[in-house]
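Note: the block below is final28.pdb and it holds PDB, C-alpha atoms.
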ATOM      1  CA  MET Y   9     -11.995  24.368  10.469
ATOM      2  CA  HIS Y  10     -11.653  26.550  13.580
ATOM      3  CA  VAL Y  11     -15.418  27.120  13.686
ATOM      4  CA  ALA Y  12     -16.058  23.381  13.254
ATOM      5  CA  ILE Y  13     -13.727  22.630  16.171
ATOM      6  CA  LYS Y  14     -15.307  25.275  18.400
ATOM      7  CA  CYS Y  15     -18.800  23.974  17.600
ATOM      8  CA  ASN Y  16     -17.708  20.341  17.839
ATOM      9  CA  ASP Y  17     -19.054  19.861  14.310
ATOM     10  CA  VAL Y  18     -17.470  16.489  13.595
ATOM     11  CA  ASP Y  19     -19.292  16.139  10.258
ATOM     12  CA  GLU Y  20     -17.638  19.310   9.019
ATOM     13  CA  ILE Y  21     -14.238  18.190  10.343
ATOM     14  CA  VAL Y  22     -14.599  14.951   8.371
ATOM     15  CA  CYS Y  23     -15.590  16.821   5.205
ATOM     16  CA  ILE Y  24     -12.728  19.290   5.479
ATOM     17  CA  LEU Y  25     -10.004  16.703   6.081
ATOM     18  CA  ALA Y  26     -11.122  13.570   4.233
ATOM     19  CA  ARG Y  27     -11.997  15.386   0.989
ATOM     20  CA  ARG Y  28      -8.647  17.161   0.725
ATOM     21  CA  THR Y  29      -5.332  15.936  -0.647
ATOM     22  CA  ASN Y  30      -2.441  15.293   1.698
ATOM     23  CA  PHE Y  31      -0.715  18.408   0.369
ATOM     24  CA  GLU Y  32      -3.803  20.506   1.125
ATOM     25  CA  ARG Y  33      -4.000  19.068   4.640
ATOM     26  CA  GLN Y  34      -0.381  20.035   5.280
ATOM     27  CA  GLU Y  35      -1.089  23.570   4.052
ATOM     28  CA  LEU Y  36      -4.209  23.738   6.219
ATOM     29  CA  GLN Y  37      -2.173  22.811   9.290
ATOM     30  CA  ARG Y  38       0.458  25.461   8.570
ATOM     31  CA  ILE Y  39      -2.168  28.172   8.122
ATOM     32  CA  TYR Y  40      -4.133  27.039  11.179
ATOM     33  CA  SER Y  41      -1.028  27.153  13.395
ATOM     34  CA  ARG Y  42      -0.127  30.605  12.125
ATOM     35  CA  LEU Y  43      -3.617  32.025  12.661
ATOM     36  CA  PHE Y  44      -4.553  30.395  15.958
ATOM     37  CA  LYS Y  45      -1.115  29.856  17.557
ATOM     38  CA  LYS Y  46      -1.810  26.208  18.248
ATOM     39  CA  PRO Y  47      -1.131  23.105  16.120
ATOM     40  CA  LEU Y  48      -4.238  21.598  14.556
ATOM     41  CA  VAL Y  49      -3.028  18.154  15.592
ATOM     42  CA  ASP Y  50      -3.266  19.234  19.249
ATOM     43  CA  ARG Y  51      -6.898  20.220  18.729
ATOM     44  CA  MET Y  52      -7.673  16.897  17.051
ATOM     45  CA  SER Y  53      -5.955  14.966  19.840
ATOM     46  CA  ARG Y  54      -8.864  15.979  22.094
ATOM     47  CA  LEU Y  55     -11.400  13.969  20.086
ATOM     48  CA  LYS Y  56     -13.033  11.394  22.345
ATOM     49  CA  ASP Y  57     -13.882   8.566  19.941
ATOM     50  CA  PRO Y  58     -10.603   6.555  19.744
ATOM     51  CA  ASP Y  59     -11.069   5.140  16.229
ATOM     52  CA  PHE Y  60     -12.206   8.500  14.885
ATOM     53  CA  LYS Y  61      -9.311  10.305  16.571
ATOM     54  CA  THR Y  62      -6.818   7.815  15.135
ATOM     55  CA  ILE Y  63      -7.985   8.158  11.543
ATOM     56  CA  ILE Y  64      -8.147  11.969  11.782
ATOM     57  CA  LEU Y  65      -4.626  12.156  13.225
ATOM     58  CA  ASN Y  66      -3.400   9.839  10.470
ATOM     59  CA  LEU Y  67      -4.995  12.081   7.847
ATOM     60  CA  LEU Y  68      -2.999  14.995   9.243
ATOM     61  CA  LYS Y  69       0.352  13.225   8.868
ATOM     62  CA  ASP Y  70       2.598  13.864   5.907
ATOM     63  CA  LEU Y  71       2.640  10.581   3.959
ATOM     64  CA  PRO Y  72       6.363   9.752   4.402
ATOM     65  CA  ASP Y  73       6.042  10.290   8.174
ATOM     66  CA  TYR Y  74       2.869   8.199   8.192
ATOM     67  CA  PHE Y  75       4.618   5.317   6.430
ATOM     68  CA  VAL Y  76       7.581   5.463   8.817
ATOM     69  CA  GLU Y  77       5.285   5.408  11.857
ATOM     70  CA  GLU Y  78       3.408   2.450  10.392
ATOM     71  CA  LEU Y  79       6.682   0.603   9.775
ATOM     72  CA  GLN Y  80       7.877   1.290  13.322
ATOM     73  CA  HIS Y  81       4.591   0.060  14.764
ATOM     74  CA  ALA Y  82       4.691  -3.011  12.502
ATOM     75  CA  ILE Y  83       8.173  -3.892  13.741
ATOM     76  CA  GLY Y  84       7.198  -3.308  17.359
ATOM     77  CA  SER Y  85       4.136  -5.530  17.003
ATOM     78  CA  SER Y  86       5.654  -8.058  14.551
ATOM     79  CA  ASP Y  87       2.999  -7.102  11.985
ATOM     80  CA  LYS Y  88       4.573  -8.797   8.978
ATOM     81  CA  ILE Y  89       1.666  -8.029   6.640
ATOM     82  CA  THR Y  90       2.119  -4.274   7.082
ATOM     83  CA  LEU Y  91       5.860  -4.550   6.416
ATOM     84  CA  MET Y  92       5.193  -6.440   3.201
ATOM     85  CA  GLN Y  93       2.369  -4.170   2.026
ATOM     86  CA  ILE Y  94       4.257  -0.916   2.543
ATOM     87  CA  LEU Y  95       7.518  -2.084   0.971
ATOM     88  CA  ILE Y  96       5.680  -3.363  -2.103
ATOM     89  CA  ASN Y  97       3.168  -0.539  -2.362
ATOM     90  CA  VAL Y  98       5.411   2.519  -2.081
ATOM     91  CA  ALA Y  99       6.464   3.833  -5.493
ATOM     92  CA  GLU Y 100      10.064   3.135  -6.475
ATOM     93  CA  GLU Y 101      11.074   6.788  -6.450
ATOM     94  CA  GLU Y 102       9.718   7.196  -2.907
ATOM     95  CA  LEU Y 103      11.095   4.005  -1.365
ATOM     96  CA  THR Y 104      14.703   5.183  -1.091
ATOM     97  CA  LYS Y 105      13.532   8.391   0.626
ATOM     98  CA  LEU Y 106      11.377   6.339   2.978
ATOM     99  CA  VAL Y 107      14.294   4.101   3.984
ATOM    100  CA  GLU Y 108      16.439   7.184   4.632
ATOM    101  CA  LEU Y 109      13.684   8.853   6.671
ATOM    102  CA  TYR Y 110      13.247   5.680   8.724
ATOM    103  CA  LYS Y 111      16.945   5.695   9.621
ATOM    104  CA  LYS Y 112      16.770   9.380  10.535
ATOM    105  CA  GLN Y 113      13.748   8.932  12.812
ATOM    106  CA  ALA Y 114      14.453   5.480  14.255
ATOM    107  CA  GLY Y 115      18.231   5.797  14.500
ATOM    108  CA  LYS Y 116      18.647   2.398  12.823
ATOM    109  CA  GLU Y 117      18.507   0.926   9.358
ATOM    110  CA  LEU Y 118      15.083  -0.385   8.382
ATOM    111  CA  SER Y 119      16.678  -3.656   7.252
ATOM    112  CA  GLU Y 120      18.250  -4.069  10.693
ATOM    113  CA  ASP Y 121      14.867  -3.754  12.396
ATOM    114  CA  ILE Y 122      13.218  -6.064   9.863
ATOM    115  CA  GLY Y 123      15.835  -8.656  10.779
ATOM    116  CA  THR Y 124      14.617  -8.677  14.377
ATOM    117  CA  VAL Y 125      11.029  -9.719  13.555
ATOM    118  CA  THR Y 126      11.375 -11.896  10.438
ATOM    119  CA  GLN Y 127      13.421 -14.863   9.353
ATOM    120  CA  GLY Y 128      14.340 -17.057   6.406
ATOM    121  CA  SER Y 129      13.267 -16.343   2.837
ATOM    122  CA  PHE Y 130      10.627 -13.839   3.934
ATOM    123  CA  GLN Y 131      13.280 -11.816   5.741
ATOM    124  CA  GLU Y 132      15.550 -11.934   2.695
ATOM    125  CA  ILE Y 133      12.916 -10.665   0.283
ATOM    126  CA  LEU Y 134      11.891  -7.802   2.597
ATOM    127  CA  MET Y 135      15.524  -6.780   3.012
ATOM    128  CA  CYS Y 136      15.968  -6.996  -0.740
ATOM    129  CA  LEU Y 137      12.972  -4.684  -1.190
ATOM    130  CA  THR Y 138      14.515  -2.096   1.149
ATOM    131  CA  ARG Y 139      17.540  -1.914  -1.169
ATOM    132  CA  ASN Y 140      15.164  -0.766  -3.937
ATOM    133  CA  GLU Y 141      16.959  -2.490  -6.795
ATOM    134  CA  ARG Y 142      13.986  -2.314  -9.150
ATOM    135  CA  LEU Y 143      14.323  -0.446 -12.417
ATOM    136  CA  PRO Y 144      12.898   3.058 -11.865
ATOM    137  CA  SER Y 145       9.641   3.726 -13.680
ATOM    138  CA  LEU Y 146       9.852   6.258 -16.485
ATOM    139  CA  ILE Y 147       6.407   7.595 -15.589
ATOM    140  CA  THR Y 148       5.830   8.236 -11.901
ATOM    141  CA  THR Y 149       2.033   8.077 -11.820
ATOM    142  CA  ASP Y 150       0.468   4.871 -10.586
ATOM    143  CA  GLY Y 151      -1.820   4.350 -13.534
ATOM    144  CA  ILE Y 152      -1.000   2.692 -16.858
ATOM    145  CA  GLN Y 153       2.662   3.418 -17.539
ATOM    146  CA  GLU Y 154       2.814   3.548 -21.303
ATOM    147  CA  VAL Y 155       6.601   3.720 -21.606
ATOM    148  CA  LYS Y 156       7.115   0.739 -19.315
ATOM    149  CA  ARG Y 157       4.274  -1.094 -21.039
ATOM    150  CA  TYR Y 158       5.926  -0.511 -24.395
ATOM    151  CA  PHE Y 159       9.215  -1.814 -23.002
ATOM    152  CA  VAL Y 160       7.613  -4.992 -21.637
ATOM    153  CA  GLU Y 161       5.607  -5.746 -24.748
ATOM    154  CA  THR Y 162       8.419  -5.163 -27.230
ATOM    155  CA  ASN Y 163      11.384  -6.632 -25.371
ATOM    156  CA  LEU Y 164      10.247 -10.234 -25.675
ATOM    157  CA  ASN Y 165      13.768 -11.609 -25.449
ATOM    158  CA  PHE Y 166      14.184 -10.087 -22.004
ATOM    159  CA  SER Y 167      10.888 -11.548 -20.797
ATOM    160  CA  LYS Y 168      11.683 -14.975 -22.246
ATOM    161  CA  GLN Y 169      15.137 -15.046 -20.686
ATOM    162  CA  GLU Y 170      13.800 -14.079 -17.276
ATOM    163  CA  ALA Y 171      10.975 -16.622 -17.535
ATOM    164  CA  GLN Y 172      13.496 -19.345 -18.384
ATOM    165  CA  ARG Y 173      15.733 -18.337 -15.485
ATOM    166  CA  LEU Y 174      12.837 -18.360 -13.040
ATOM    167  CA  ASN Y 175      11.736 -21.771 -14.255
ATOM    168  CA  THR Y 176      15.266 -23.058 -13.661
ATOM    169  CA  TYR Y 177      15.302 -21.625 -10.126
ATOM    170  CA  LEU Y 178      11.818 -22.971  -9.327
ATOM    171  CA  SER Y 179      12.555 -26.427 -10.774
ATOM    172  CA  LYS Y 180      15.491 -27.103  -8.468
ATOM    173  CA  LYS Y 181      14.974 -29.302  -5.401
ATOM    174  CA  PRO Y 182      14.915 -27.432  -3.139
ATOM    175  CA  ILE Y 183      14.110 -24.356  -5.189
ATOM    176  CA  ASP Y 184      16.756 -21.639  -5.473
ATOM    177  CA  LYS Y 185      14.969 -19.067  -3.312
ATOM    178  CA  ASP Y 186      17.894 -16.633  -3.293
ATOM    179  CA  SER Y 187      17.847 -16.361  -7.091
ATOM    180  CA  VAL Y 188      14.041 -16.144  -7.237
ATOM    181  CA  THR Y 189      14.156 -13.341  -4.671
ATOM    182  CA  GLN Y 190      16.840 -11.449  -6.585
ATOM    183  CA  SER Y 191      14.963 -11.765  -9.891
ATOM    184  CA  PHE Y 192      11.747 -10.444  -8.354
ATOM    185  CA  CYS Y 193      13.503  -7.564  -6.590
ATOM    186  CA  GLU Y 194      15.375  -6.437  -9.698
ATOM    187  CA  ALA Y 195      12.440  -6.565 -12.123
ATOM    188  CA  ASP Y 196      10.110  -3.616 -12.405
ATOM    189  CA  TYR Y 197       6.572  -4.687 -11.553
ATOM    190  CA  PHE Y 198       5.448  -4.089 -15.131
ATOM    191  CA  ASP Y 199       8.353  -6.242 -16.339
ATOM    192  CA  LEU Y 200       6.958  -9.043 -14.187
ATOM    193  CA  ASP Y 201       3.719  -8.852 -16.187
ATOM    194  CA  GLY Y 202       5.650  -9.621 -19.367
ATOM    195  CA  ILE Y 203       7.670 -12.358 -17.675
ATOM    196  CA  ASP Y 204       4.458 -13.952 -16.392
ATOM    197  CA  THR Y 205       2.998 -13.973 -19.915
ATOM    198  CA  GLU Y 206       6.115 -15.575 -21.391
ATOM    199  CA  TYR Y 207       6.326 -18.098 -18.554
ATOM    200  CA  LYS Y 208       2.882 -19.447 -19.388
ATOM    201  CA  LEU Y 209       3.665 -19.619 -23.116
ATOM    202  CA  LEU Y 210       6.908 -21.481 -22.480
ATOM    203  CA  PHE Y 211       5.945 -23.833 -19.663
ATOM    204  CA  GLY Y 212       2.173 -24.248 -19.821
ATOM    205  CA  GLU Y 213       1.430 -22.804 -16.391
ATOM    206  CA  SER Y 214       1.417 -19.261 -15.100
ATOM    207  CA  LEU Y 215       4.243 -17.953 -12.966
ATOM    208  CA  GLU Y 216       1.601 -17.355 -10.297
ATOM    209  CA  ASP Y 217       0.683 -21.060 -10.265
ATOM    210  CA  ALA Y 218       4.345 -22.061 -10.208
ATOM    211  CA  ILE Y 219       4.928 -19.855  -7.156
ATOM    212  CA  LYS Y 220       1.857 -21.299  -5.425
ATOM    213  CA  ASN Y 221       3.086 -24.837  -6.094
ATOM    214  CA  LYS Y 222       6.705 -24.274  -5.081
ATOM    215  CA  THR Y 223       6.608 -21.797  -2.171
ATOM    216  CA  SER Y 224       4.568 -21.174   0.966
ATOM    217  CA  GLY Y 225       3.810 -18.786   3.822
ATOM    218  CA  ASN Y 226       4.740 -15.114   3.898
ATOM    219  CA  TYR Y 227       7.431 -15.650   1.268
ATOM    220  CA  GLN Y 228       4.801 -16.917  -1.172
ATOM    221  CA  ARG Y 229       2.424 -14.105  -0.199
ATOM    222  CA  THR Y 230       5.121 -11.515  -0.946
ATOM    223  CA  LEU Y 231       6.056 -12.979  -4.340
ATOM    224  CA  LEU Y 232       2.403 -13.113  -5.394
ATOM    225  CA  ALA Y 233       1.832  -9.524  -4.263
ATOM    226  CA  MET Y 234       4.866  -8.358  -6.250
ATOM    227  CA  LEU Y 235       3.600 -10.254  -9.288
ATOM    228  CA  SER Y 236       0.238  -8.470  -8.974
ATOM    229  CA  SER Y 237       1.744  -4.998  -8.557
ATOM    230  CA  GLY Y 238       1.860  -4.109 -12.246
ATOM    231  CA  ARG Y 239      -1.401  -4.058 -14.198
ATOM    232  CA  LYS Y 240      -3.238  -5.955 -11.452
ATOM    233  CA  ARG Y 241      -2.409  -3.520  -8.671
ATOM    234  CA  ALA Y 242      -5.991  -2.337  -8.139
ATOM    235  CA  ARG Y 243      -7.009  -5.983  -7.734
ATOM    236  CA  LEU Y 244      -4.239  -6.489  -5.172
ATOM    237  CA  ILE Y 245      -5.303  -3.430  -3.149
ATOM    238  CA  ALA Y 246      -8.942  -4.565  -3.280
ATOM    239  CA  LYS Y 247      -7.911  -7.944  -1.874
ATOM    240  CA  TRP Y 248      -5.878  -6.337   0.925
ATOM    241  CA  ILE Y 249      -8.832  -4.102   1.838
ATOM    242  CA  HIS Y 250     -11.186  -7.092   1.842
ATOM    243  CA  ASP Y 251      -8.773  -9.084   4.023
ATOM    244  CA  ALA Y 252      -8.607  -6.197   6.514
ATOM    245  CA  LEU Y 253     -12.394  -5.769   6.578
ATOM    246  CA  PHE Y 254     -13.167  -9.438   7.088
ATOM    247  CA  SER Y 255     -10.523 -10.244   9.661
ATOM    248  CA  SER Y 256     -11.911 -10.874  13.112
ATOM    249  CA  PRO Y 257     -11.775  -8.267  14.484
ATOM    250  CA  VAL Y 258     -11.491  -5.830  11.569
ATOM    251  CA  LYS Y 259      -7.864  -4.786  11.036
ATOM    252  CA  LYS Y 260      -8.618  -1.089  11.307
ATOM    253  CA  LYS Y 261      -4.973  -0.060  11.183
ATOM    254  CA  HIS Y 262      -4.509  -1.846   7.848
ATOM    255  CA  LEU Y 263      -7.824  -0.578   6.490
ATOM    256  CA  THR Y 264      -7.111   3.023   7.468
ATOM    257  CA  ARG Y 265      -3.636   2.989   5.917
ATOM    258  CA  LEU Y 266      -4.812   1.462   2.650
ATOM    259  CA  LEU Y 267      -7.677   3.914   2.150
ATOM    260  CA  ILE Y 268      -5.686   6.998   3.132
ATOM    261  CA  THR Y 269      -2.615   6.174   1.059
ATOM    262  CA  ARG Y 270      -4.521   5.075  -2.068
ATOM    263  CA  SER Y 271      -7.145   7.846  -1.928
ATOM    264  CA  GLU Y 272      -5.164  10.104  -4.275
ATOM    265  CA  ILE Y 273      -3.956   7.310  -6.549
ATOM    266  CA  ASP Y 274      -6.419   4.639  -7.591
ATOM    267  CA  LEU Y 275      -9.120   4.235  -4.950
ATOM    268  CA  TYR Y 276     -11.952   4.761  -7.443
ATOM    269  CA  THR Y 277     -10.545   1.983  -9.633
ATOM    270  CA  VAL Y 278     -10.090  -0.207  -6.559
ATOM    271  CA  MET Y 279     -13.786   0.276  -5.733
ATOM    272  CA  ILE Y 280     -14.784  -0.911  -9.214
ATOM    273  CA  VAL Y 281     -12.476  -3.940  -9.057
ATOM    274  CA  TYR Y 282     -13.684  -4.749  -5.530
ATOM    275  CA  GLN Y 283     -17.256  -4.962  -6.839
ATOM    276  CA  GLU Y 284     -16.137  -7.231  -9.699
ATOM    277  CA  ILE Y 285     -14.275  -9.633  -7.391
ATOM    278  CA  TYR Y 286     -16.607  -9.828  -4.393
ATOM    279  CA  LYS Y 287     -19.985  -9.101  -6.056
ATOM    280  CA  THR Y 288     -20.724  -6.451  -3.461
ATOM    281  CA  SER Y 289     -19.643  -2.846  -3.146
ATOM    282  CA  LEU Y 290     -16.839  -1.644  -0.925
ATOM    283  CA  GLU Y 291     -19.331   0.895   0.425
ATOM    284  CA  SER Y 292     -21.699  -1.890   1.613
ATOM    285  CA  ASP Y 293     -18.889  -3.858   3.255
ATOM    286  CA  ILE Y 294     -17.562  -0.788   5.072
ATOM    287  CA  LYS Y 295     -21.082   0.000   6.304
ATOM    288  CA  ARG Y 296     -21.485  -3.600   7.454
ATOM    289  CA  ARG Y 297     -18.094  -4.012   9.138
ATOM    290  CA  THR Y 298     -17.390  -0.587  10.683
ATOM    291  CA  GLU Y 299     -19.402   1.965  12.620
ATOM    292  CA  GLY Y 300     -19.759   5.511  13.854
ATOM    293  CA  LEU Y 301     -17.526   8.398  12.897
ATOM    294  CA  TYR Y 302     -14.791   6.010  11.794
ATOM    295  CA  LYS Y 303     -17.161   4.548   9.200
ATOM    296  CA  LYS Y 304     -18.217   8.027   8.110
ATOM    297  CA  THR Y 305     -14.592   9.053   7.556
ATOM    298  CA  LEU Y 306     -13.844   5.942   5.488
ATOM    299  CA  LEU Y 307     -16.904   6.579   3.316
ATOM    300  CA  THR Y 308     -15.827  10.195   2.866
ATOM    301  CA  LEU Y 309     -12.412   9.035   1.647
ATOM    302  CA  LEU Y 310     -14.313   6.989  -0.936
ATOM    303  CA  GLY Y 311     -16.296  10.079  -1.957
ATOM    304  CA  LEU Y 312     -19.532   8.511  -0.673
ATOM    305  CA  ASN Y 313     -20.515  10.865   2.154
ATOM    306  CA  LYS Y 314     -23.583  12.711   0.893
ATOM    307  CA  LYS Y 315     -23.016  15.503   3.411
ATOM    308  CA  CYS Y 316     -19.702  16.395   1.770
ATOM    309  CA  PRO Y 317     -19.445  17.880  -1.725
ATOM    310  CA  PHE Y 318     -17.534  15.464  -3.933
ATOM    311  CA  THR Y 319     -14.178  16.885  -4.979
ATOM    312  CA  PRO Y 320     -12.266  14.339  -7.089
ATOM    313  CA  LYS Y 321      -8.621  13.918  -6.104
TER     314      LYS Y 321
END
Would you mind writing the file out in structure tokens?
Amino acid sequence: MHVAIKCNDVDEIVCILARRTNFERQELQRIYSRLFKKPLVDRMSRLKDPDFKTIILNLLKDLPDYFVEELQHAIGSSDKITLMQILINVAEEELTKLVELYKKQAGKELSEDIGTVTQGSFQEILMCLTRNERLPSLITTDGIQEVKRYFVETNLNFSKQEAQRLNTYLSKKPIDKDSVTQSFCEADYFDLDGIDTEYKLLFGESLEDAIKNKTSGNYQRTLLAMLSSGRKRARLIAKWIHDALFSSPVKKKHLTRLLITRSEIDLYTVMIVYQEIYKTSLESDIKRRTEGLYKKTLLTLLGLNKKCPFTPK
């Protein structure tokens, strides 16, 4: 790394950082500081290309700190999509730590800051998410959770009861948003898969369609994202990436966060699902919609930079 910096070998810098895990990048920074008496982040802050510098500096951040910074920026800029994506996408066991870290760094509760930039039902569901009332997953990886799957598929009474309750809440005029919000916040995302299945069997339409028919705006968007966060999570992430890529201009902050934070979890699966949904590869769309060293770094995160040896994460 030190040689690459001295020689201004940006290709090597990209390979070293974007093909390592977050843990390895933290170790690299500790060793670099000890050997060369200067933080690596200070060296990277001298990069001239602004988009490239931003993604490299984000790669160097420990993930909890990165999420907190993204939340603070989202609140400062009223970026409601980022608030929703992070609160839904962070694993249950990490969300409580994230809320605590936010309070430590910002000096205020996350829910208090959310209240300053949101309102109504959308505000309520985001605040509910910060309380992290979901059942904790028994398996902490983000892939297929066999224990939770077994629970959902065998506990049909639970799924039926929840489906019936949600139908009651959604059938009221106006709908009982408070109860819908509470039900969604308390159910594990894999439980929602089972509830969705039972809802369609009982009432002839999917829970997704019922939400689309009965709600709107950011509140609807949040409910649908939560509903997709079980077995359909890769599809949800693919959609978020596509939305970021094809905004005008490209939402680079969203795109960067999604690729960095999913790169060690399910990004390969997301790439496959992306191709299935949009009939084009994520690689082609990144090449078409981004440029320069920023593009090269994104492709390296995907494992598609031919100049870097592929090291699966």
- Message: For a quick check of understanding, using all atoms listed in the file, which of Y:Leu310, Y:Leu244, Y:Val22, Y:Asn140 has the smallest distance to Y:Glu101?
- Response: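 Of the candidates, the smallest distance to Y:Glu101 is held by Y:Asn140.
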- Picked residues, the PyMOL selection byres ((chain Y and resi 37) around 8), as a list of chain:residue names: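 Evaluating the PyMOL selection byres ((chain Y and resi 37) around 8) on this file yields Y:Arg33, Y:Gln34, Y:Glu35, Y:Leu36, Y:Arg38, Y:Ile39, Y:Tyr40, Y:Ser41, Y:Pro47, Y:Leu48, Y:Val49, Y:Leu68.
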- Task: Run through the PyMOL selection byres ((chain Y and resi 200) around 10) on the given coordinates and return the selected residues as a list in words.
- Result: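 Matching residues under the PyMOL selection byres ((chain Y and resi 200) around 10) are Val160, Ser167, Glu170, Ala171, Ser191, Phe192, Glu194, Ala195, Asp196, Tyr197, Phe198, Asp199, Asp201, Gly202, Ile203, Asp204, Thr205, Glu206, Leu215, Met234, Leu235, Ser236, Ser237, Gly238 and Arg239 of chain Y.
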Write the residues of the preceding selection, restricted to C-alpha atoms, as an mmCIF file, in the frame of the given file.
data_model
loop_
_atom_site.group_PDB
_atom_site.id
_atom_site.type_symbol
_atom_site.label_atom_id
_atom_site.label_comp_id
_atom_site.auth_asym_id
_atom_site.auth_seq_id
_atom_site.Cartn_x
_atom_site.Cartn_y
_atom_site.Cartn_z
ATOM 1 C CA VAL Y 160 7.613 -4.992 -21.637
ATOM 2 C CA SER Y 167 10.888 -11.548 -20.797
ATOM 3 C CA GLU Y 170 13.800 -14.079 -17.276
ATOM 4 C CA ALA Y 171 10.975 -16.622 -17.535
ATOM 5 C CA SER Y 191 14.963 -11.765 -9.891
ATOM 6 C CA PHE Y 192 11.747 -10.444 -8.354
ATOM 7 C CA GLU Y 194 15.375 -6.437 -9.698
ATOM 8 C CA ALA Y 195 12.440 -6.565 -12.123
ATOM 9 C CA ASP Y 196 10.110 -3.616 -12.405
ATOM 10 C CA TYR Y 197 6.572 -4.687 -11.553
ATOM 11 C CA PHE Y 198 5.448 -4.089 -15.131
ATOM 12 C CA ASP Y 199 8.353 -6.242 -16.339
ATOM 13 C CA ASP Y 201 3.719 -8.852 -16.187
ATOM 14 C CA GLY Y 202 5.650 -9.621 -19.367
ATOM 15 C CA ILE Y 203 7.670 -12.358 -17.675
ATOM 16 C CA ASP Y 204 4.458 -13.952 -16.392
ATOM 17 C CA THR Y 205 2.998 -13.973 -19.915
ATOM 18 C CA GLU Y 206 6.115 -15.575 -21.391
ATOM 19 C CA LEU Y 215 4.243 -17.953 -12.966
ATOM 20 C CA MET Y 234 4.866 -8.358 -6.250
ATOM 21 C CA LEU Y 235 3.600 -10.254 -9.288
ATOM 22 C CA SER Y 236 0.238 -8.470 -8.974
ATOM 23 C CA SER Y 237 1.744 -4.998 -8.557
ATOM 24 C CA GLY Y 238 1.860 -4.109 -12.246
ATOM 25 C CA ARG Y 239 -1.401 -4.058 -14.198
#
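Interatomic distance, atom CA of Y:Leu301 to atom CA of Y:Phe60: 5.7 Å.
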- Neighbours of Y:Ile83 within 12 Å (all atoms listed in the file; same-chain residues fewer than 2 positions away dropped), as an NGL selection string? :Y and (76-81 or 85-92 or 110 or 114 or 118-126)
- Item | Test item: the PyMOL selection byres ((chain Y and resi 260-270) around 8) resolved as a PyMOL selection string | chain Y and resi 63+67+71+90+245+249+252-253+258-259+271-275+306+309-310
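Note that the spacing between atom CA of Y:Pro182 and atom CA of Y:Asn165 amounts to 27.4 Å.
Close to (-13.5, 25.2, 16.1), meaning no more than 12 Å away when counting all atoms listed in the file, sit the residues Met9, His10, Val11, Ala12, Ile13, Lys14, Cys15, Asn16, Asp17, Val18, Glu20, Ile21, Tyr40, Phe44, Lys46, Leu48, Arg51, Met52 and Arg54 of chain Y.
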- Message: Set the distance at 12 Å and use all atoms listed in the file: which residues neighbour Y:Cys193 once local chain neighbours fewer than 5 positions away are removed? I'd like the list as a list in words.
- Response: Leu95, Ile96, Glu100, Glu132, Ile133, Leu134, Met135, Cys136, Leu137, Thr138, Arg139, Asn140, Glu141, Arg142, Leu143, Pro144, Asp186, Ser187, Val188, Asp199, Leu200, Thr230, Leu231, Met234 and Leu235 of chain Y
Could the residues in this selection be saved with C-alpha atoms as a PDB file, in the coordinates of the input?
ATOM      1  CA  LEU Y  95       7.518  -2.084   0.971  1.00  0.00           C
ATOM      2  CA  ILE Y  96       5.680  -3.363  -2.103  1.00  0.00           C
ATOM      3  CA  GLU Y 100      10.064   3.135  -6.475  1.00  0.00           C
ATOM      4  CA  GLU Y 132      15.550 -11.934   2.695  1.00  0.00           C
ATOM      5  CA  ILE Y 133      12.916 -10.665   0.283  1.00  0.00           C
ATOM      6  CA  LEU Y 134      11.891  -7.802   2.597  1.00  0.00           C
ATOM      7  CA  MET Y 135      15.524  -6.780   3.012  1.00  0.00           C
ATOM      8  CA  CYS Y 136      15.968  -6.996  -0.740  1.00  0.00           C
ATOM      9  CA  LEU Y 137      12.972  -4.684  -1.190  1.00  0.00           C
ATOM     10  CA  THR Y 138      14.515  -2.096   1.149  1.00  0.00           C
ATOM     11  CA  ARG Y 139      17.540  -1.914  -1.169  1.00  0.00           C
ATOM     12  CA  ASN Y 140      15.164  -0.766  -3.937  1.00  0.00           C
ATOM     13  CA  GLU Y 141      16.959  -2.490  -6.795  1.00  0.00           C
ATOM     14  CA  ARG Y 142      13.986  -2.314  -9.150  1.00  0.00           C
ATOM     15  CA  LEU Y 143      14.323  -0.446 -12.417  1.00  0.00           C
ATOM     16  CA  PRO Y 144      12.898   3.058 -11.865  1.00  0.00           C
ATOM     17  CA  ASP Y 186      17.894 -16.633  -3.293  1.00  0.00           C
ATOM     18  CA  SER Y 187      17.847 -16.361  -7.091  1.00  0.00           C
ATOM     19  CA  VAL Y 188      14.041 -16.144  -7.237  1.00  0.00           C
ATOM     20  CA  ASP Y 199       8.353  -6.242 -16.339  1.00  0.00           C
ATOM     21  CA  LEU Y 200       6.958  -9.043 -14.187  1.00  0.00           C
ATOM     22  CA  THR Y 230       5.121 -11.515  -0.946  1.00  0.00           C
ATOM     23  CA  LEU Y 231       6.056 -12.979  -4.340  1.00  0.00           C
ATOM     24  CA  MET Y 234       4.866  -8.358  -6.250  1.00  0.00           C
ATOM     25  CA  LEU Y 235       3.600 -10.254  -9.288  1.00  0.00           C
TER      26      LEU Y 235
END
- Query: With all atoms listed in the file as the basis for distance, which of Y:Ala242, Y:Leu210, Y:Ala233, Y:Met279 is at the shortest distance from Y:Asp293?
  - Reply: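 Distance minimum relative to Y:Asp293 lands on Y:Met279.
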- Message: When you count all atoms listed in the file, which of these residues is closest to Y:Val107: Y:Phe75, Y:Gln131, Y:Glu32, Y:Asp59?
- Response: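 Distance minimum relative to Y:Val107 lands on Y:Phe75.
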For stretch 10-16 of chain Y, take all atoms listed in the file, fit an axis-aligned box around them, add 5 Å to each of the six sides, then output centre and edge lengths in Å rounded to one decimal, as JSON.
{"center_x": -15.2, "center_y": 23.7, "center_z": 15.8, "size_x": 17.1, "size_y": 16.8, "size_z": 15.1}
